[in-house]
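So this block is target_33.txt, compact mmCIF, C-alpha atoms (C1' of nucleotides):
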```
# COMPACT_ATOMS: atom_id res chain seq x y z
CA MET N 4 74.02 57.01 -51.94
CA SER N 5 71.58 59.85 -52.29
CA ARG N 6 70.28 61.79 -55.28
CA ASP N 7 71.46 65.17 -54.06
CA PHE N 8 75.12 64.42 -53.58
CA ASP N 9 77.24 62.57 -56.07
CA LEU N 10 80.67 62.04 -54.57
CA LYS N 11 82.15 60.99 -57.89
CA ARG N 12 81.36 64.41 -59.35
CA TYR N 13 82.24 66.41 -56.26
CA LEU N 14 85.07 68.79 -57.02
CA PRO N 15 86.97 68.63 -53.72
CA TYR N 16 86.93 64.86 -53.96
CA LEU N 17 88.26 64.86 -57.52
CA LEU N 18 90.87 67.41 -56.64
CA ASN N 19 92.03 65.60 -53.54
CA ARG N 20 92.33 62.20 -55.09
CA SER N 21 94.23 63.28 -58.18
CA GLY N 22 96.48 65.51 -56.09
CA THR N 23 97.31 62.87 -53.52
CA ARG N 24 97.97 60.19 -56.12
CA ILE N 25 100.50 62.31 -57.94
CA ALA N 26 102.02 63.45 -54.66
CA ASP N 27 102.26 59.93 -53.28
CA SER N 28 103.95 58.49 -56.35
CA PHE N 29 106.40 61.32 -56.64
CA SER N 30 107.04 61.22 -52.93
CA VAL N 31 108.16 57.61 -53.00
CA ASN N 32 110.47 58.33 -55.91
CA LEU N 33 111.97 61.36 -54.16
CA ARG N 34 112.67 59.36 -51.07
CA ASN N 35 114.25 56.46 -52.95
CA SER N 36 116.22 58.47 -55.46
CA TYR N 37 117.26 61.51 -53.45
CA GLY N 38 116.48 60.83 -49.80
CA ILE N 39 114.30 63.87 -49.43
CA THR N 40 110.64 64.30 -48.58
CA LEU N 41 107.95 65.80 -50.77
CA GLN N 42 107.70 68.79 -48.44
CA MET N 43 111.42 69.43 -48.84
CA TRP N 44 111.01 69.34 -52.60
CA ARG N 45 108.18 71.83 -52.34
CA VAL N 46 110.35 74.20 -50.38
CA MET N 47 113.24 73.81 -52.80
CA ALA N 48 111.04 74.34 -55.84
CA ALA N 49 109.51 77.44 -54.27
CA VAL N 50 112.84 78.97 -53.32
CA HIS N 51 114.24 78.01 -56.70
CA HIS N 52 111.36 79.88 -58.24
CA GLN N 53 112.01 82.90 -56.10
CA ASP N 54 115.06 83.22 -53.94
CA GLY N 55 115.06 85.03 -50.62
CA GLN N 56 111.42 84.53 -49.72
CA ARG N 57 110.56 85.14 -46.12
CA VAL N 58 109.16 82.28 -44.05
CA GLY N 59 105.60 83.57 -44.19
CA GLU N 60 105.65 83.97 -47.96
CA LEU N 61 107.14 80.55 -48.35
CA SER N 62 104.37 79.11 -46.26
CA GLY N 63 101.95 80.63 -48.76
CA THR N 64 103.67 79.36 -51.86
CA THR N 65 104.25 75.86 -50.53
CA SER N 66 100.93 75.52 -48.70
CA ILE N 67 102.87 74.28 -45.68
CA GLU N 68 101.63 75.53 -42.32
CA ILE N 69 104.04 78.05 -40.95
CA SER N 70 105.16 76.32 -37.77
CA THR N 71 105.62 73.06 -39.62
CA LEU N 72 107.63 74.93 -42.20
CA SER N 73 109.80 76.59 -39.58
CA ARG N 74 110.82 73.19 -38.26
CA LEU N 75 111.27 71.75 -41.72
CA LEU N 76 113.62 74.62 -42.52
CA THR N 77 115.67 73.72 -39.47
CA THR N 78 116.24 70.20 -40.74
CA MET N 79 116.89 71.41 -44.28
CA GLU N 80 119.37 73.92 -42.96
CA ALA N 81 121.10 71.16 -41.01
CA ARG N 82 121.30 69.15 -44.21
CA GLY N 83 122.87 72.05 -46.00
CA LEU N 84 120.03 72.59 -48.48
CA VAL N 85 118.89 76.06 -47.47
CA GLU N 86 120.11 79.06 -45.48
CA ARG N 87 118.22 81.31 -43.14
CA ARG N 88 119.22 84.95 -43.20
CA ARG N 89 118.23 87.75 -40.90
CA PRO N 90 118.54 90.92 -42.98
CA SER N 91 121.06 93.22 -41.35
CA ARG N 92 119.66 96.48 -40.07
CA GLN N 93 119.59 98.53 -43.19
CA PRO N 94 117.58 101.60 -43.99
CA GLY N 95 114.12 100.22 -44.65
CA ALA N 96 115.02 96.62 -43.90
CA ASP N 97 112.86 94.63 -41.51
CA ALA N 98 114.90 92.49 -39.17
CA ARG N 99 111.90 90.60 -37.85
CA VAL N 100 111.91 88.78 -41.12
CA VAL N 101 113.96 85.70 -41.94
CA THR N 102 114.68 85.08 -45.60
CA ILE N 103 115.38 81.72 -47.15
CA ASN N 104 117.93 80.95 -49.83
CA LEU N 105 119.07 77.77 -51.50
CA THR N 106 122.66 76.81 -50.81
CA LYS N 107 124.82 75.80 -53.71
CA ASP N 108 124.08 72.16 -52.93
CA GLY N 109 120.40 72.88 -52.53
CA HIS N 110 120.36 74.57 -55.89
CA SER N 111 122.05 71.76 -57.76
CA LEU N 112 119.89 69.16 -56.07
CA THR N 113 116.83 71.08 -57.19
CA GLU N 114 118.11 71.25 -60.75
CA ALA N 115 118.79 67.54 -60.63
CA ILE N 116 115.24 66.78 -59.54
CA ILE N 117 113.44 69.05 -61.99
CA PRO N 118 113.54 66.58 -64.90
CA LEU N 119 111.96 63.92 -62.71
CA ALA N 120 109.31 66.36 -61.58
CA LEU N 121 108.48 67.21 -65.17
CA GLN N 122 108.29 63.54 -65.98
CA TYR N 123 105.59 63.04 -63.37
CA GLU N 124 103.69 65.97 -64.73
CA GLU N 125 103.85 64.40 -68.16
CA ILE N 126 102.58 61.09 -66.88
CA ALA N 127 99.66 62.79 -65.18
CA LEU N 128 98.83 64.76 -68.32
CA ASP N 129 99.30 61.83 -70.67
CA GLY N 130 96.85 61.87 -73.54
CA LEU N 131 95.63 65.42 -73.00
CA SER N 132 95.91 67.91 -75.84
CA GLU N 133 97.88 71.10 -75.37
CA GLN N 134 94.63 72.95 -75.37
CA GLU N 135 93.25 70.75 -72.59
CA VAL N 136 96.37 71.16 -70.52
CA ALA N 137 96.18 74.93 -70.85
CA THR N 138 92.50 74.91 -69.91
CA LEU N 139 93.09 72.68 -66.92
CA LYS N 140 95.88 74.85 -65.55
CA HIS N 141 93.89 77.96 -66.14
CA LEU N 142 90.88 76.59 -64.31
CA LEU N 143 92.98 75.39 -61.37
CA ASP N 144 94.36 78.89 -61.11
CA ARG N 145 90.85 80.19 -61.07
CA LEU N 146 89.84 77.86 -58.23
CA PHE N 147 92.73 79.12 -56.20
CA GLU N 148 91.76 82.74 -56.84
CA ASN N 149 88.20 82.02 -55.82
CA MET N 150 89.31 80.53 -52.53
CA ALA N 151 91.70 83.39 -51.90
CA ALA N 152 88.82 85.81 -52.41
CA LEU N 153 86.82 83.90 -49.82
CA ASP N 154 89.62 84.19 -47.30
CA GLU N 155 89.72 87.92 -47.87
CA GLU N 156 86.00 88.20 -47.27
CA ASP N 157 86.40 86.32 -44.02
CA ALA N 158 89.21 88.66 -43.08
CA GLN N 159 86.89 91.57 -43.80
CA LYS N 160 84.24 90.11 -41.55
CA LEU N 161 86.69 89.64 -38.74
CA ALA N 162 87.86 93.22 -39.11
CA SER N 163 84.33 94.67 -39.04
CA MET P 21 114.04 81.06 -61.28
CA SER P 22 115.12 79.12 -64.33
CA ARG P 23 113.81 78.92 -67.89
CA ASP P 24 113.16 75.23 -67.85
CA PHE P 25 110.88 75.01 -64.85
CA ASP P 26 108.03 77.38 -64.24
CA LEU P 27 106.53 76.61 -60.86
CA LYS P 28 103.47 78.70 -61.54
CA ARG P 29 102.54 76.46 -64.48
CA TYR P 30 103.53 73.20 -62.84
CA LEU P 31 100.52 70.95 -62.53
CA PRO P 32 101.24 69.30 -59.17
CA TYR P 33 101.77 72.75 -57.69
CA LEU P 34 98.49 74.07 -59.08
CA LEU P 35 96.66 70.97 -57.97
CA ASN P 36 98.10 71.02 -54.48
CA ARG P 37 97.47 74.64 -53.75
CA SER P 38 93.88 74.72 -54.96
CA GLY P 39 93.16 71.44 -53.19
CA THR P 40 94.64 72.51 -49.89
CA ARG P 41 92.95 75.91 -49.92
CA ILE P 42 89.53 74.38 -50.36
CA ALA P 43 90.30 71.69 -47.83
CA ASP P 44 91.61 74.16 -45.26
CA SER P 45 88.62 76.49 -45.47
CA PHE P 46 86.12 73.71 -45.32
CA SER P 47 88.04 72.05 -42.54
CA VAL P 48 87.79 75.09 -40.28
CA ASN P 49 84.09 75.32 -40.93
CA LEU P 50 83.54 71.64 -40.19
CA ARG P 51 85.35 71.92 -36.93
CA ASN P 52 83.49 75.03 -35.81
CA SER P 53 80.04 74.02 -37.01
CA TYR P 54 80.05 70.27 -36.40
CA GLY P 55 83.08 69.42 -34.31
CA ILE P 56 84.42 66.94 -36.82
CA THR P 57 87.62 66.81 -38.84
CA LEU P 58 87.96 66.90 -42.60
CA GLN P 59 89.12 63.30 -42.61
CA MET P 60 85.99 62.27 -40.74
CA TRP P 61 83.88 64.04 -43.33
CA ARG P 62 85.74 62.22 -46.07
CA VAL P 63 84.96 58.91 -44.46
CA MET P 64 81.32 59.82 -43.95
CA ALA P 65 80.93 61.06 -47.52
CA ALA P 66 82.53 57.90 -48.87
CA VAL P 67 80.39 55.56 -46.79
CA HIS P 68 77.33 57.65 -47.59
CA HIS P 69 78.17 57.16 -51.24
CA GLN P 70 78.54 53.45 -50.77
CA ASP P 71 77.60 51.71 -47.60
CA GLY P 72 79.41 48.66 -46.27
CA GLN P 73 82.79 49.31 -47.85
CA ARG P 74 85.63 47.34 -46.40
CA VAL P 75 88.50 49.20 -44.75
CA GLY P 76 90.84 48.71 -47.67
CA GLU P 77 88.32 49.99 -50.19
CA LEU P 78 87.54 52.94 -48.01
CA SER P 79 91.21 53.78 -47.87
CA GLY P 80 91.15 53.94 -51.65
CA THR P 81 88.08 56.11 -51.95
CA THR P 82 89.12 58.53 -49.21
CA SER P 83 92.84 58.61 -50.06
CA ILE P 84 93.54 58.04 -46.37
CA GLU P 85 96.40 55.67 -45.61
CA ILE P 86 95.04 52.43 -44.28
CA SER P 87 96.56 52.40 -40.81
CA THR P 88 95.60 56.02 -40.25
CA LEU P 89 92.12 55.14 -41.39
CA SER P 90 91.90 52.17 -39.06
CA ARG P 91 92.58 54.44 -36.10
CA LEU P 92 90.26 57.14 -37.38
CA LEU P 93 87.49 54.55 -37.60
CA THR P 94 88.09 53.67 -33.97
CA THR P 95 87.47 57.23 -32.85
CA MET P 96 84.50 57.61 -35.20
CA GLU P 97 83.06 54.40 -33.87
CA ALA P 98 83.48 55.69 -30.31
CA ARG P 99 81.65 58.84 -31.34
CA GLY P 100 78.81 56.79 -32.71
CA LEU P 101 79.26 57.87 -36.32
CA VAL P 102 80.14 54.54 -37.94
CA GLU P 103 79.99 50.84 -37.21
CA ARG P 104 82.49 48.13 -37.92
CA ARG P 105 81.07 44.77 -38.90
CA ARG P 106 82.82 41.48 -39.31
CA PRO P 107 80.71 39.56 -41.84
CA SER P 108 79.45 36.36 -40.25
CA ARG P 109 80.74 33.18 -41.80
CA GLN P 110 78.47 32.74 -44.73
CA PRO P 111 78.97 30.73 -47.85
CA GLY P 112 81.47 32.78 -49.83
CA ALA P 113 81.85 35.49 -47.17
CA ASP P 114 85.31 36.53 -46.08
CA ALA P 115 85.57 37.10 -42.36
CA ARG P 116 88.99 38.71 -42.57
CA VAL P 117 87.22 41.72 -43.91
CA VAL P 118 85.69 44.47 -41.80
CA THR P 119 82.91 46.49 -43.39
CA ILE P 120 81.98 50.01 -42.44
CA ASN P 121 78.48 51.44 -42.15
CA LEU P 122 77.13 54.77 -41.09
CA THR P 123 75.05 54.70 -37.94
CA LYS P 124 71.74 56.50 -37.92
CA ASP P 125 73.44 59.51 -36.33
CA GLY P 126 76.30 59.32 -38.76
CA HIS P 127 73.88 59.30 -41.64
CA SER P 128 71.92 62.30 -40.50
CA LEU P 129 75.07 64.24 -39.70
CA THR P 130 76.30 63.54 -43.21
CA GLU P 131 73.02 64.73 -44.71
CA ALA P 132 73.23 67.83 -42.58
CA ILE P 133 76.73 68.64 -43.85
CA ILE P 134 76.10 68.01 -47.54
CA PRO P 135 74.60 71.45 -48.23
CA LEU P 136 77.63 73.10 -46.69
CA ALA P 137 79.91 70.91 -48.75
CA LEU P 138 78.07 71.87 -51.93
CA GLN P 139 78.34 75.50 -50.96
CA TYR P 140 82.11 75.28 -50.82
CA GLU P 141 82.15 73.59 -54.18
CA GLU P 142 80.11 76.45 -55.57
CA ILE P 143 82.46 79.04 -54.13
CA ALA P 144 85.44 77.29 -55.67
CA LEU P 145 83.68 77.08 -59.04
CA ASP P 146 82.33 80.60 -58.94
CA GLY P 147 82.33 82.25 -62.34
CA LEU P 148 82.98 79.09 -64.33
CA SER P 149 80.51 78.09 -67.02
CA GLU P 150 78.77 74.72 -66.86
CA GLN P 151 80.89 73.67 -69.76
CA GLU P 152 84.07 74.63 -67.94
CA VAL P 153 83.01 72.81 -64.81
CA ALA P 154 82.28 69.68 -66.79
CA THR P 155 85.64 69.91 -68.54
CA LEU P 156 87.51 70.45 -65.31
CA LYS P 157 85.93 67.47 -63.61
CA HIS P 158 86.50 65.31 -66.63
CA LEU P 159 90.16 66.25 -66.80
CA LEU P 160 90.67 65.66 -63.09
CA ASP P 161 89.21 62.22 -63.57
CA ARG P 162 91.63 61.67 -66.36
CA LEU P 163 94.61 62.63 -64.21
CA PHE P 164 93.54 60.14 -61.62
CA GLU P 165 93.24 57.40 -64.24
CA ASN P 166 96.67 58.20 -65.57
CA MET P 167 98.21 57.89 -62.12
CA ALA P 168 96.34 54.67 -61.44
CA ALA P 169 97.75 53.29 -64.68
CA LEU P 170 101.24 54.18 -63.49
CA ASP P 171 100.72 52.33 -60.23
CA GLU P 172 99.64 49.27 -62.17
CA GLU P 173 102.76 49.42 -64.32
CA ASP P 174 104.88 49.59 -61.18
CA ALA P 175 103.00 46.63 -59.80
CA GLN P 176 103.77 44.77 -63.04
CA LYS P 177 107.44 45.56 -62.70
CA LEU P 178 107.50 44.31 -59.15
CA ALA P 179 105.81 41.11 -60.23
CA SER P 180 108.24 40.45 -63.08
C1' DA Z 1 113.24 108.54 -25.71
C1' DG Z 2 109.99 104.95 -23.57
C1' DC Z 3 105.98 102.10 -23.40
C1' DA Z 4 102.20 99.79 -25.79
C1' DT Z 5 100.92 97.59 -30.00
C1' DT Z 6 101.58 95.09 -34.13
C1' DT Z 7 103.95 91.66 -37.03
C1' DA Z 8 107.25 87.59 -37.98
C1' DT Z 9 109.03 83.57 -36.46
C1' DT Z 10 109.82 79.91 -33.30
C1' DT Z 11 108.66 76.61 -29.66
C1' DG Z 12 105.59 73.60 -26.28
C1' DC Z 13 102.52 70.12 -26.30
C1' DA Z 14 99.08 67.06 -27.74
C1' DT Z 15 97.40 64.77 -31.83
C1' DT Z 16 97.91 62.62 -36.31
C1' DT Z 17 100.46 60.23 -39.49
C1' DG Z 18 103.02 56.40 -41.83
C1' DC Z 19 105.94 52.64 -42.15
C1' DA Z 20 106.87 48.07 -40.60
C1' DA Z 21 105.73 44.36 -37.59
C1' DA Z 22 102.06 41.73 -35.43
C1' DT Z 23 97.70 39.67 -35.45
C1' DA Z 24 93.40 37.46 -37.31
C1' DG Z 25 91.46 34.93 -40.51
C1' DA Z 26 91.13 32.55 -45.20
C1' DT Z 27 92.97 29.44 -48.70
C1' DT Z 28 96.01 25.99 -50.83
C1' DG Z 29 98.67 21.84 -51.15
C1' DC Z 30 99.73 17.65 -49.41
C1' DG Y 2 92.57 17.78 -41.86
C1' DC Y 3 96.57 20.35 -40.97
C1' DA Y 4 100.75 23.02 -42.02
C1' DA Y 5 102.26 26.70 -44.93
C1' DT Y 6 101.02 30.67 -47.29
C1' DC Y 7 98.43 34.61 -48.40
C1' DT Y 8 95.35 38.62 -47.45
C1' DA Y 9 92.96 42.18 -44.41
C1' DT Y 10 93.25 44.80 -40.57
C1' DT Y 11 95.30 46.55 -36.46
C1' DT Y 12 99.08 48.10 -33.47
C1' DG Y 13 104.05 49.81 -31.98
C1' DC Y 14 106.90 53.38 -32.46
C1' DA Y 15 109.08 57.34 -34.24
C1' DA Y 16 108.38 61.37 -36.98
C1' DA Y 17 105.41 65.12 -38.73
C1' DT Y 18 101.68 68.24 -37.88
C1' DG Y 19 98.89 72.16 -36.02
C1' DC Y 20 97.18 75.13 -32.71
C1' DA Y 21 98.26 78.34 -29.16
C1' DA Y 22 101.65 80.56 -26.39
C1' DA Y 23 106.23 82.62 -26.27
C1' DT Y 24 109.77 85.23 -28.18
C1' DA Y 25 112.01 88.72 -31.21
C1' DA Y 26 111.91 92.76 -33.50
C1' DA Y 27 109.57 96.61 -35.61
C1' DT Y 28 106.40 100.67 -35.40
C1' DG Y 29 103.31 104.14 -33.27
C1' DC Y 30 101.98 107.24 -29.68
C1' DT Y 31 102.76 110.55 -26.23
```
Target encoding structure tokens, full file:
Amino acid sequence: MSRDFDLKRYLPYLLNRSGTRIADSFSVNLRNSYGITLQMWRVMAAVHHQDGQRVGELSGTTSIEISTLSRLLTTMEARGLVERRRPSRQPGADARVVTINLTKDGHSLTEAIIPLALQYEEIALDGLSEQEVATLKHLLDRLFENMAALDEEDAQKLAS
Amino acid sequence: MSRDFDLKRYLPYLLNRSGTRIADSFSVNLRNSYGITLQMWRVMAAVHHQDGQRVGELSGTTSIEISTLSRLLTTMEARGLVERRRPSRQPGADARVVTINLTKDGHSLTEAIIPLALQYEEIALDGLSEQEVATLKHLLDRLFENMAALDEEDAQKLAS
DNA sequence: AGCATTTATTTGCATTTGCAAATAGATTGC
DNA sequence: GCAATCTATTTGCAAATGCAAATAAATGCT
């Protein structure tokens, strides 16, 4: 190990390992208890949060790559969890878009899982004060914003 | 969206999206600039941090599933980045184990990438005070510990 | 209106992943 | 000292992933 790089204090490392541990634990529980994958849960939680998102938006909120997501939606549709809708040609509607909604079953499954999800959050946050939790969430938001800003800069460069 | 579950304040969500954004950006850069994948970087950084880790340990420090890692090591070995060693039968040595070392090339490639890695960390942390950075890293550590504790409890249950 | 361009989603194909089974090698008990 | 058991790593196989190309549907230009 070298002086100039301390892995144990390297943010992406810390972020990745805490994120994957929570995800892995929850993932196993989801599979055993509800027979769904973590990615499916992410889609359901995102659509539950905002119904009728288009596929591209949903890719953004779930962090699932868009082609992967498209296929995942196909299996979720087949399982009766979500619906794809092509907005009918209305004034101002865009029929290139496909919007995603939870089915009735999808909705109740999501509601059933939420308590478990919150339980995992609690476990992860065990022993932190309310203040610390608020700070942590705030800072994670900030990281995301910083990375989004970088992507926009790159987009600028490509456009110029 | 419902009152009892606010996705935008849900820790696993915040953790996942900031983690994947950083990972994705860095990943593209690694591929373009050095022709390696993010997972390869993770292995190199981990072995750089501590040389001669066994495969199982390395799986823990990189958060890469062990069979995936085994195959990744094969391609990295073929590329001359790392070496596998089976410890010779010594008093107290365990020859079931395979230890991983960076080759000379692997080491210098790692050293070459470190500045870029630190740059991404800086971008992510842009605008945060030293105090905030320290707090964030501390709290992320704590999350990891909490999840590790959970895994141990589960292991207990399985044993009982 | 008709053709070229842009945007949204899906699909083809090769690679990566993950679980479970197989292998390789220690260790324990008899 | 050898059979049974345990642990570390690798491999078989099916599923998931990601890039790039293809399709579908708008919009813009003339």
Residues of chain Y within 9 Å of chain P, counting all atoms listed in the file, what are they? List them as a count of residues only. 5
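For range 11-20 of chain Z, the set of protein, DNA and RNA residues having any atom at most 9 Å away, when counting all atoms listed in the file and skipping those fewer than 5 positions along the same chain, is Ser70 of chain N; Glu85, Ser87 and Thr88 of chain P; DA16, DA17, DT18, DG19, DA22, DA23 and DT24 of chain Y.
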Contacts of Asn166 in chain P within 9 Å, all atoms listed in the file, excl. fewer than 2 positions in-chain, as an NGL selection string: (:N and (126-130)) or (:P and (161-164 or 168-171))
Would you please work out which residue, of N:Glu124, N:Asp7, N:Tyr13, N:Asn19, is nearest to Val136 in chain N when using all atoms listed in the file? N:Glu124
With chain P held fixed, move chain N onto it by a least-squares fit of all C-alpha atoms in order and give the output as a short mmCIF file (atom, residue, chain, number, x, y, z; two decimals) with C-alpha atoms, in the frame of the given file.
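Produced file superposed_3.cif, reproduced below:
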```
data_model
loop_
_atom_site.label_atom_id
_atom_site.label_comp_id
_atom_site.auth_asym_id
_atom_site.auth_seq_id
_atom_site.Cartn_x
_atom_site.Cartn_y
_atom_site.Cartn_z
CA MET N 4 114.06 81.03 -61.29
CA SER N 5 115.16 79.09 -64.32
CA ARG N 6 113.88 78.91 -67.89
CA ASP N 7 113.20 75.19 -67.84
CA PHE N 8 110.90 75.01 -64.85
CA ASP N 9 108.04 77.37 -64.25
CA LEU N 10 106.54 76.59 -60.87
CA LYS N 11 103.48 78.71 -61.55
CA ARG N 12 102.54 76.47 -64.47
CA TYR N 13 103.52 73.20 -62.83
CA LEU N 14 100.51 70.95 -62.53
CA PRO N 15 101.24 69.32 -59.16
CA TYR N 16 101.77 72.76 -57.69
CA LEU N 17 98.49 74.09 -59.08
CA LEU N 18 96.66 71.00 -57.96
CA ASN N 19 98.10 71.04 -54.47
CA ARG N 20 97.47 74.67 -53.77
CA SER N 21 93.88 74.74 -54.97
CA GLY N 22 93.16 71.47 -53.18
CA THR N 23 94.65 72.54 -49.88
CA ARG N 24 92.95 75.93 -49.92
CA ILE N 25 89.52 74.42 -50.36
CA ALA N 26 90.30 71.71 -47.82
CA ASP N 27 91.61 74.18 -45.26
CA SER N 28 88.63 76.50 -45.48
CA PHE N 29 86.12 73.71 -45.32
CA SER N 30 88.05 72.06 -42.53
CA VAL N 31 87.79 75.09 -40.28
CA ASN N 32 84.07 75.33 -40.94
CA LEU N 33 83.55 71.63 -40.20
CA ARG N 34 85.36 71.92 -36.93
CA ASN N 35 83.47 75.03 -35.83
CA SER N 36 80.04 74.02 -37.02
CA TYR N 37 80.03 70.28 -36.41
CA GLY N 38 83.08 69.42 -34.32
CA ILE N 39 84.42 66.95 -36.82
CA THR N 40 87.62 66.82 -38.82
CA LEU N 41 87.96 66.92 -42.58
CA GLN N 42 89.13 63.30 -42.59
CA MET N 43 85.99 62.27 -40.73
CA TRP N 44 83.89 64.07 -43.32
CA ARG N 45 85.74 62.24 -46.06
CA VAL N 46 84.97 58.92 -44.47
CA MET N 47 81.33 59.83 -43.96
CA ALA N 48 80.92 61.06 -47.52
CA ALA N 49 82.54 57.90 -48.87
CA VAL N 50 80.40 55.57 -46.80
CA HIS N 51 77.35 57.65 -47.61
CA HIS N 52 78.19 57.17 -51.24
CA GLN N 53 78.55 53.45 -50.80
CA ASP N 54 77.61 51.70 -47.62
CA GLY N 55 79.43 48.65 -46.32
CA GLN N 56 82.81 49.33 -47.87
CA ARG N 57 85.66 47.36 -46.43
CA VAL N 58 88.53 49.23 -44.78
CA GLY N 59 90.88 48.76 -47.72
CA GLU N 60 88.35 50.05 -50.23
CA LEU N 61 87.58 52.98 -48.02
CA SER N 62 91.24 53.81 -47.86
CA GLY N 63 91.17 53.98 -51.65
CA THR N 64 88.12 56.16 -51.94
CA THR N 65 89.14 58.57 -49.21
CA SER N 66 92.86 58.64 -50.04
CA ILE N 67 93.56 58.08 -46.35
CA GLU N 68 96.43 55.72 -45.58
CA ILE N 69 95.08 52.49 -44.27
CA SER N 70 96.58 52.43 -40.79
CA THR N 71 95.61 56.04 -40.24
CA LEU N 72 92.13 55.17 -41.38
CA SER N 73 91.91 52.19 -39.07
CA ARG N 74 92.58 54.43 -36.09
CA LEU N 75 90.27 57.14 -37.35
CA LEU N 76 87.51 54.55 -37.60
CA THR N 77 88.10 53.66 -33.97
CA THR N 78 87.46 57.23 -32.87
CA MET N 79 84.49 57.59 -35.20
CA GLU N 80 83.06 54.37 -33.88
CA ALA N 81 83.49 55.66 -30.33
CA ARG N 82 81.64 58.80 -31.34
CA GLY N 83 78.81 56.75 -32.72
CA LEU N 84 79.25 57.85 -36.34
CA VAL N 85 80.15 54.54 -37.96
CA GLU N 86 80.00 50.81 -37.23
CA ARG N 87 82.52 48.13 -37.96
CA ARG N 88 81.11 44.77 -38.94
CA ARG N 89 82.84 41.46 -39.35
CA PRO N 90 80.73 39.52 -41.85
CA SER N 91 79.50 36.34 -40.20
CA ARG N 92 80.80 33.14 -41.72
CA GLN N 93 78.49 32.71 -44.63
CA PRO N 94 78.95 30.69 -47.76
CA GLY N 95 81.35 32.80 -49.80
CA ALA N 96 81.78 35.49 -47.18
CA ASP N 97 85.27 36.58 -46.19
CA ALA N 98 85.62 37.09 -42.47
CA ARG N 99 89.03 38.70 -42.75
CA VAL N 100 87.24 41.73 -44.00
CA VAL N 101 85.72 44.46 -41.86
CA THR N 102 82.93 46.48 -43.43
CA ILE N 103 81.99 50.00 -42.48
CA ASN N 104 78.50 51.42 -42.19
CA LEU N 105 77.13 54.76 -41.12
CA THR N 106 75.06 54.69 -37.96
CA LYS N 107 71.75 56.48 -37.96
CA ASP N 108 73.44 59.48 -36.35
CA GLY N 109 76.32 59.30 -38.78
CA HIS N 110 73.90 59.28 -41.66
CA SER N 111 71.92 62.29 -40.52
CA LEU N 112 75.07 64.22 -39.71
CA THR N 113 76.30 63.54 -43.22
CA GLU N 114 73.03 64.72 -44.71
CA ALA N 115 73.24 67.83 -42.58
CA ILE N 116 76.72 68.63 -43.85
CA ILE N 117 76.09 68.01 -47.54
CA PRO N 118 74.58 71.45 -48.22
CA LEU N 119 77.62 73.11 -46.70
CA ALA N 120 79.91 70.92 -48.76
CA LEU N 121 78.07 71.88 -51.92
CA GLN N 122 78.33 75.50 -50.95
CA TYR N 123 82.11 75.27 -50.83
CA GLU N 124 82.14 73.60 -54.18
CA GLU N 125 80.09 76.46 -55.55
CA ILE N 126 82.43 79.04 -54.12
CA ALA N 127 85.41 77.30 -55.67
CA LEU N 128 83.67 77.08 -59.04
CA ASP N 129 82.32 80.61 -58.93
CA GLY N 130 82.30 82.25 -62.33
CA LEU N 131 82.94 79.09 -64.33
CA SER N 132 80.48 78.08 -67.02
CA GLU N 133 78.76 74.72 -66.85
CA GLN N 134 80.86 73.65 -69.75
CA GLU N 135 84.06 74.61 -67.93
CA VAL N 136 82.99 72.81 -64.80
CA ALA N 137 82.27 69.66 -66.78
CA THR N 138 85.62 69.90 -68.54
CA LEU N 139 87.49 70.46 -65.31
CA LYS N 140 85.91 67.46 -63.60
CA HIS N 141 86.48 65.32 -66.61
CA LEU N 142 90.14 66.25 -66.79
CA LEU N 143 90.67 65.66 -63.07
CA ASP N 144 89.20 62.22 -63.54
CA ARG N 145 91.62 61.66 -66.34
CA LEU N 146 94.61 62.65 -64.19
CA PHE N 147 93.54 60.15 -61.60
CA GLU N 148 93.22 57.40 -64.21
CA ASN N 149 96.66 58.20 -65.54
CA MET N 150 98.20 57.89 -62.11
CA ALA N 151 96.33 54.68 -61.42
CA ALA N 152 97.73 53.26 -64.65
CA LEU N 153 101.22 54.16 -63.47
CA ASP N 154 100.70 52.32 -60.22
CA GLU N 155 99.62 49.26 -62.14
CA GLU N 156 102.73 49.39 -64.28
CA ASP N 157 104.84 49.56 -61.15
CA ALA N 158 102.95 46.60 -59.78
CA GLN N 159 103.71 44.74 -62.99
CA LYS N 160 107.39 45.50 -62.64
CA LEU N 161 107.45 44.27 -59.09
CA ALA N 162 105.72 41.07 -60.14
CA SER N 163 108.15 40.37 -62.99
#
```
8 Å contacts from chain P to chain N using all atoms listed in the file, as a PyMOL selection string: chain P and resi 21-22+25-27+29-32+34-43+45+65-66+68-71+82-83+134+141+143-146+152+156-157+159-161+163-164+166-168+170-171
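Separating CA of Gln42 in chain N from CA of Lys107 in chain N is a distance of 19.2 Å.
CA of Ser79 in chain P is positioned 20.9 Å from CA of Leu129 in chain P.
Coordinates place CA of Glu80 in chain N at a distance of 22.2 Å from CA of Val31 in chain N.
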Residues of chain Z within 9 Å of chain N, counting all atoms listed in the file, as a PyMOL selection string: chain Z and resi 7-11
Can those selected residues be exported to a file as a PDB file, in the coordinates of the input so that it contains C-alpha atoms (C1' of nucleotides)?
```pdb
ATOM      1  C1'  DT Z   7     103.950  91.660 -37.030  1.00  0.00           C
ATOM      2  C1'  DA Z   8     107.250  87.590 -37.980  1.00  0.00           C
ATOM      3  C1'  DT Z   9     109.030  83.570 -36.460  1.00  0.00           C
ATOM      4  C1'  DT Z  10     109.820  79.910 -33.300  1.00  0.00           C
ATOM      5  C1'  DT Z  11     108.660  76.610 -29.660  1.00  0.00           C
TER       6       DT Z  11
END
```
Mind checking which residues fall within 12 Å of DT31 in chain Y, counting only C-alpha atoms (C1' of nucleotides), ignoring those fewer than 3 positions away in the same chain, and posting them as a ChimeraX atom specification? /Z:1-4
